[in-house]
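A.B. asks: Attaching a single structure in structure tokens format; questions to follow.
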Amino acid sequence: MGVPKVATVWFEGCAGCHMSFLDLDEDLVSILSKIELTFSPITDFKDYAFPELDVGIIEGGIGNEEHLELAQKLRKHCKILVAWGDCAVFGGVNTLRNWIPKAEVLRRGYVETESTVNVNGVIPIHEELPPLLDKVLPVNQVVAVDVHVPGCPPSPEVLAYSLVSILQGRTPILPNEMLHFD
Amino acid sequence: MEKKVKLVIDEKEIIVDEGTTVLDAARQSGITIPTLCHHPALSSWGGCRMCTVEVDGAPRLVASCVMPVREGMEVVTTNERILESRRTVLEFLFAERNHNCMFCPQSGDCELQKLAYELGMDHLTVSFSFNAFPTDVTSDYLIIDHNRCILCGRCVRACAEIAGTYVLNFHNRGPKNLVGLDLHESRQESTCYSCGACLQVCPTGAIYNRYRTHYAVKGHRKDWKPVESLCPQCGLLCPTTSHVHDNTVIKIEGKLQGNGDRPDRGQLCYKGRFEALKSDGKRLVRPMVREKDGTWKEAKWKTALALIAERLTAIGGDHGGNALFGLASAGLSNEELLFFKDLMTTGFSAGRVGSLDGDPFQGVSKAWEIKGEPLKEASWKMIPQSDFMVLLGANPYQTQPVLSTLVRRSIFERHIPVAVLGEMDCLPLFAAFHFPVKGEKLALLIKAFRADVEARAKKSSRKNQKSPQGRGKGADISSLLKGAGLPKAAQQAFVEMVEAFVKARHPLLLVGEAVTGLKNPSAFQDAVSLAQSKGPLAGNVLKLIVLKPYGNSAGAWKLGLSSNGNGKAKVQPKGGLLFLSHQKDLDSRAMAGLGKLDFLGVISPYFPESLARKAHVVIPKPLGMEAAGSYTSLDGRETGVMRKILDPPEGVKDSWETLNALADQIGFRHKFKTWDELSKKAVEATKSRRSAK
């Protein structure tokens, strides 16, 4: 293959995994020289035209319909799909809302939060706003995932290890000492 | 000798005793099998299926923790099929409830998580249930979060087998199965003793400590340093392992295994496991002197110590040694107590050196004096041998909590009747007899008890001599019972109790501060007579245990720190007192004893707020955990050495240094050249029988 095309997306999560990736510092330069980073929260390219990709990376759980659609598209267009972090792998901290009815979650978020002034109690509904799913799900509950990298966040070393392995043509299985759920 | 069995585990030939489980056989020969519901200190359950192995190539895997070895058995502990089975079990455990490591305080110290790492579980192939489970936060000490529970039942077994309290059990069935307390009570309303045995054996974060939960404090498990020590808080000297990180104790655990001849099965209590982790607020780190205008100012060590020496010497010079007092907490180590006593009596020629538990001590020593016989208290370890227990004004849950569970265990496991005379928190629910009276009424009740027992003894001896029975004593007893305020119904129970006591062969009396602390020493003397009526144990040991109020009361009493402290000693209008304290503050009772003083010096780990207007100089000292020292057990039979677990705050000098500096100030050459020598002398002094006052 030529220069592998890599895309990353950020779903229901805190961006901590992307931050951890940026934490690779100078190693990031050598990794970026080996790949073509297409759309990503890092590049801020909003081009979701989906050329054929080699590696798709998902951070965050599947929390709304946009996440669901993007995950399915990404799966269709990339050879290897990677789940980054506990949210993408297990659902993570977001799953706390899975115990609570959706209407209550929206009310809490849009009306009741301490920093919000929403006298009329309006819950925004618009065609451009993707509706929330009833439950946040791990990525592998909606599409097949090839590589799981758990951790909250996974350390930069673990992210580099998994990405470099993929670039070398292997499907990485994290060694036990690299596994972390916190 | 036990029969041996030969078997093969992972192609290794192993010979073990018959009856050993496959798991133990494997562990004995260094083969690891992962476990979850199994705990070496508890009975095997075989519930989690994590330890499954292949036996003789059979298609069905067996749980090695409950599988006994058999001659010629061939065991395989690891192959792809077994690993697959374990991983599947693990995935189900994770999927069933809400195991979110990233916000669990137990992360890094969790057996479930560790197994997931070991088995390489990087994701789940099954879907999560996402069901919500309740969380019980009603306890001051521990939190029960059912979302993290894997229903391994370790806590249920620990509650029964270690604590003997039988509070925890399984409620409901199937997916609604929960570990619960009593009959669906919350922790607060249950009969839980907060011993924390469940917490110590919990493999996940389902039961966790209220203290030290934050990552910022806990750090990584691998950086923790375990320190073997003992708990000096009540005199039972329970062996402990304190896990220390960054000069902070993260958790304190009991020794569930290798606990010697102790009947407590490695249990700790709410004091030793939880209270010890509580922060008592800001520590005193510099000596302070009260200025003329009443404000407190920091002072140099030398200045503060010189001031104490100067003032005490001046008062002693003007008014004689009888105007000088030394007062020590009975929670201090034997070394501190001995050195302090020597410095005060010989160095400063102080008239009296006492401890905060002066009242109970006086009551007890008076009784020994009157009896005039070389009698010894029974050891608390004799509780499991007794067949009837009488608690006289004792509240072991407050004073010696582990002892209260020993009593409760005797009720549940050996069906021993227990009589409670006096007010108490915990046991009455399970006691055969309970008479909640206090003060002088309690004294009268004990007097009636003694009179009735003696009258019966006389009656039976008269019966033997075939002489007419006397009835005079009976009337006396009923008037005593009336005086004790016992209603008619309770009087019947009283008679039953006396009968049970007379019948019992190895009764044990547990006497607490509500009796020993009474102004009138006769109640305790009656208790001693009651114990004597049942004859002594070998070596003139009375069937009686005195529950002492402080951690090292037994040591203080043996060292003869007795005379003062609870408001009895008349502090002269002119007087000086030096107080060596181990606690945060003085209770009002001890405060009353201080009266009006010309000079009050305090050496304490905390600034004594209640003495802010009375004291003149305060000097910091380390906490018990921050210094080594020996402590005497409740029954006075053993000496336990507490290791230094933490470093004191910067700038705080230990008692050895402070007391030495004070001795130097007055040019007193004490007889202890080194700390080790002091230690040796302290052990000798506390070993001798009830030393002279």
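Just so we're on the same page: first chain in the structure tokens is A, next is B, and so on; residues restart at 1 for each chain, and ligands are numbered from 1 in the order they show up.
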Looking only at the backbone, which of the residues in segment 235-470 of chain B does DSSP tag as helix (DSSP H, G or I), as an NGL selection string?
C.D. replies: :B and (270-273 or 275-277 or 301-319 or 321-323 or 334-347 or 358-371 or 380-385 or 396-399 or 401-414 or 427-430 or 440-465)
A.B. asks: Set the distance at 12 Å and use only C-alpha atoms: which residues neighbour Leu68 of chain A once local chain neighbours fewer than 2 positions away are removed? I'd like the list as a compact mmCIF listing (two decimals) with N, CA and C atoms, in the first residue's frame.
C.D. replies:
# COMPACT_ATOMS: atom_id res chain seq x y z
N VAL A 9 -12.29 9.85 14.44
CA VAL A 9 -13.50 10.59 14.79
C VAL A 9 -13.66 10.61 16.31
N PHE A 11 -16.58 10.69 19.08
CA PHE A 11 -17.99 10.53 19.40
C PHE A 11 -18.26 10.94 20.85
N GLU A 12 -19.12 10.17 21.54
CA GLU A 12 -19.45 10.55 22.91
C GLU A 12 -18.29 10.18 23.85
N ILE A 58 -11.97 5.35 16.16
CA ILE A 58 -13.12 5.96 16.83
C ILE A 58 -12.80 6.18 18.29
N GLY A 60 -14.77 7.41 21.75
CA GLY A 60 -16.09 7.70 22.29
C GLY A 60 -17.11 6.63 21.98
N GLY A 61 -18.18 6.64 22.78
CA GLY A 61 -19.24 5.66 22.58
C GLY A 61 -20.22 6.14 21.53
N ILE A 62 -21.12 5.23 21.11
CA ILE A 62 -22.15 5.58 20.13
C ILE A 62 -23.33 6.16 20.90
N GLY A 63 -23.47 7.49 20.87
CA GLY A 63 -24.45 8.15 21.73
C GLY A 63 -25.62 8.77 21.01
N ASN A 64 -25.44 9.14 19.70
CA ASN A 64 -26.57 9.71 18.98
C ASN A 64 -26.60 9.17 17.55
N GLU A 65 -27.58 9.61 16.79
CA GLU A 65 -27.77 9.01 15.46
C GLU A 65 -26.65 9.35 14.49
N GLU A 66 -26.03 10.51 14.69
CA GLU A 66 -24.90 10.87 13.84
C GLU A 66 -23.73 9.91 14.08
N LEU A 70 -22.09 7.65 11.21
CA LEU A 70 -20.66 7.79 10.90
C LEU A 70 -19.91 6.49 11.14
N ALA A 71 -20.25 5.81 12.23
CA ALA A 71 -19.57 4.55 12.54
C ALA A 71 -19.80 3.54 11.43
N GLN A 72 -21.04 3.50 10.97
CA GLN A 72 -21.36 2.54 9.90
C GLN A 72 -20.64 2.90 8.61
N LYS A 73 -20.59 4.20 8.29
CA LYS A 73 -19.89 4.64 7.07
C LYS A 73 -18.40 4.33 7.17
N LEU A 74 -17.85 4.65 8.34
CA LEU A 74 -16.43 4.43 8.56
C LEU A 74 -16.09 2.95 8.39
N ARG A 75 -16.93 2.12 8.96
CA ARG A 75 -16.72 0.68 8.86
C ARG A 75 -16.69 0.25 7.37
N PRO A 130 -28.45 15.95 15.82
CA PRO A 130 -28.72 14.50 15.81
C PRO A 130 -29.41 14.07 17.09
N PRO A 131 -30.52 13.31 16.99
CA PRO A 131 -31.22 12.86 18.20
C PRO A 131 -30.38 11.89 19.02
N LEU A 132 -30.53 12.02 20.32
CA LEU A 132 -29.80 11.17 21.26
C LEU A 132 -30.38 9.75 21.20
N LEU A 133 -29.50 8.75 21.30
CA LEU A 133 -29.97 7.38 21.40
C LEU A 133 -30.40 7.10 22.84
N LYS A 135 -29.60 4.64 24.72
CA LYS A 135 -28.46 4.19 25.51
C LYS A 135 -27.17 4.43 24.74
N VAL A 136 -26.10 4.77 25.46
CA VAL A 136 -24.77 4.84 24.84
C VAL A 136 -24.26 3.42 24.70
N LEU A 137 -23.69 3.10 23.55
CA LEU A 137 -23.21 1.74 23.35
C LEU A 137 -21.74 1.74 22.99
N PRO A 138 -21.04 0.67 23.35
CA PRO A 138 -19.68 0.51 22.85
C PRO A 138 -19.73 0.33 21.35
N VAL A 139 -18.66 0.72 20.64
CA VAL A 139 -18.67 0.68 19.18
C VAL A 139 -18.94 -0.73 18.66
N ASN A 140 -18.36 -1.74 19.34
CA ASN A 140 -18.51 -3.09 18.78
C ASN A 140 -19.93 -3.64 18.94
N GLN A 141 -20.82 -2.87 19.56
CA GLN A 141 -22.23 -3.29 19.63
C GLN A 141 -22.99 -2.85 18.37
N VAL A 142 -22.38 -1.94 17.56
CA VAL A 142 -23.08 -1.51 16.34
C VAL A 142 -22.33 -1.87 15.06
N VAL A 143 -21.01 -1.87 15.10
CA VAL A 143 -20.24 -2.32 13.93
C VAL A 143 -19.08 -3.19 14.40
A.B. asks: Could you tell me, as an mmCIF file with N, CA and C atoms, in the first residue's frame, which residues of segment 438-583 of chain B DSSP assigns to strand (DSSP E or B) when given the backbone?
C.D. replies:
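File produced: states-v5.cif:
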data_model
loop_
_atom_site.group_PDB
_atom_site.id
_atom_site.type_symbol
_atom_site.label_atom_id
_atom_site.label_comp_id
_atom_site.auth_asym_id
_atom_site.auth_seq_id
_atom_site.Cartn_x
_atom_site.Cartn_y
_atom_site.Cartn_z
ATOM 1 N N PRO B 507 -18.269 -19.720 83.833
ATOM 2 C CA PRO B 507 -18.782 -18.397 83.497
ATOM 3 C C PRO B 507 -17.645 -17.383 83.446
ATOM 4 N N LEU B 508 -17.883 -16.288 82.774
ATOM 5 C CA LEU B 508 -16.878 -15.236 82.675
ATOM 6 C C LEU B 508 -17.572 -13.899 82.907
ATOM 7 N N LEU B 509 -16.989 -13.092 83.774
ATOM 8 C CA LEU B 509 -17.559 -11.774 84.021
ATOM 9 C C LEU B 509 -16.739 -10.719 83.297
ATOM 10 N N LEU B 510 -17.406 -9.878 82.529
ATOM 11 C CA LEU B 510 -16.725 -8.777 81.855
ATOM 12 C C LEU B 510 -17.175 -7.485 82.528
ATOM 13 N N VAL B 511 -16.238 -6.817 83.183
ATOM 14 C CA VAL B 511 -16.611 -5.655 83.968
ATOM 15 C C VAL B 511 -16.095 -4.399 83.291
ATOM 16 N N LEU B 537 -9.528 -20.114 88.050
ATOM 17 C CA LEU B 537 -8.936 -20.968 87.030
ATOM 18 C C LEU B 537 -7.524 -21.305 87.511
ATOM 19 N N VAL B 541 -6.312 -17.559 88.660
ATOM 20 C CA VAL B 541 -6.882 -16.613 87.705
ATOM 21 C C VAL B 541 -8.392 -16.516 87.936
ATOM 22 N N LEU B 544 -12.810 -13.353 85.513
ATOM 23 C CA LEU B 544 -13.262 -11.968 85.381
ATOM 24 C C LEU B 544 -12.268 -11.187 84.521
ATOM 25 N N ILE B 545 -12.824 -10.343 83.659
ATOM 26 C CA ILE B 545 -11.984 -9.490 82.805
ATOM 27 C C ILE B 545 -12.409 -8.044 83.039
ATOM 28 N N VAL B 546 -11.429 -7.182 83.255
ATOM 29 C CA VAL B 546 -11.749 -5.756 83.404
ATOM 30 C C VAL B 546 -11.545 -5.082 82.052
ATOM 31 N N GLY B 576 1.306 23.254 89.595
ATOM 32 C CA GLY B 576 1.746 23.169 88.217
ATOM 33 C C GLY B 576 1.553 21.757 87.711
ATOM 34 N N LEU B 577 1.155 21.650 86.444
ATOM 35 C CA LEU B 577 0.886 20.329 85.906
ATOM 36 C C LEU B 577 1.468 20.196 84.507
ATOM 37 N N LEU B 578 2.091 19.063 84.264
ATOM 38 C CA LEU B 578 2.556 18.767 82.915
ATOM 39 C C LEU B 578 1.734 17.594 82.403
ATOM 40 N N PHE B 579 1.141 17.795 81.221
ATOM 41 C CA PHE B 579 0.216 16.803 80.674
ATOM 42 C C PHE B 579 0.772 16.235 79.383
ATOM 43 N N LEU B 580 0.991 14.925 79.367
ATOM 44 C CA LEU B 580 1.461 14.242 78.165
ATOM 45 C C LEU B 580 0.247 13.555 77.549
#
A.B. asks: List as JSON, numbers by chain the protein and nucleic acid residues near segment 81-88 of chain A, meaning an atom at most 7 Å away when only C-alpha atoms are counted, but skip any in the same chain fewer than 2 places from it.
C.D. replies: {"A": [13, 17, 55, 56, 57, 58, 59, 60, 61, 75, 78, 79, 90, 91, 92, 93, 138, 139, 145, 146, 147, 148, 149, 150, 151, 152, 153, 154, 181]}
A.B. asks: At a cut-off of 6 Å, list the chain A residues touching chain B, using only C-alpha atoms, as a VMD selection string.
C.D. replies: chain A and resid 89 99 176 179 181 to 182
A.B. asks: Put those residues in a file: N, CA and C atoms, as a PDB file, in the first residue's frame.
C.D. replies:
ATOM      1  N   VAL A  89     -14.670   1.296  23.721  1.00  0.00           N
ATOM      2  CA  VAL A  89     -14.550  -0.142  23.948  1.00  0.00           C
ATOM      3  C   VAL A  89     -15.681  -0.668  24.829  1.00  0.00           C
ATOM      4  N   TRP A  99     -28.956   4.407  32.737  1.00  0.00           N
ATOM      5  CA  TRP A  99     -29.905   4.029  33.777  1.00  0.00           C
ATOM      6  C   TRP A  99     -31.097   4.969  33.803  1.00  0.00           C
ATOM      7  N   ASN A 176      -0.539  -7.916  28.012  1.00  0.00           N
ATOM      8  CA  ASN A 176      -1.265  -7.724  29.272  1.00  0.00           C
ATOM      9  C   ASN A 176      -0.851  -6.462  30.020  1.00  0.00           C
ATOM     10  N   LEU A 179      -2.632  -3.366  28.983  1.00  0.00           N
ATOM     11  CA  LEU A 179      -4.076  -3.264  29.201  1.00  0.00           C
ATOM     12  C   LEU A 179      -4.349  -2.391  30.412  1.00  0.00           C
ATOM     13  N   PHE A 181      -7.826  -0.175  32.244  1.00  0.00           N
ATOM     14  CA  PHE A 181      -9.200   0.296  32.135  1.00  0.00           C
ATOM     15  C   PHE A 181      -9.368   1.625  32.866  1.00  0.00           C
ATOM     16  N   ASP A 182      -8.279   2.213  33.319  1.00  0.00           N
ATOM     17  CA  ASP A 182      -8.418   3.486  34.045  1.00  0.00           C
ATOM     18  C   ASP A 182      -7.349   4.457  33.595  1.00  0.00           C
TER      19      ASP A 182
END
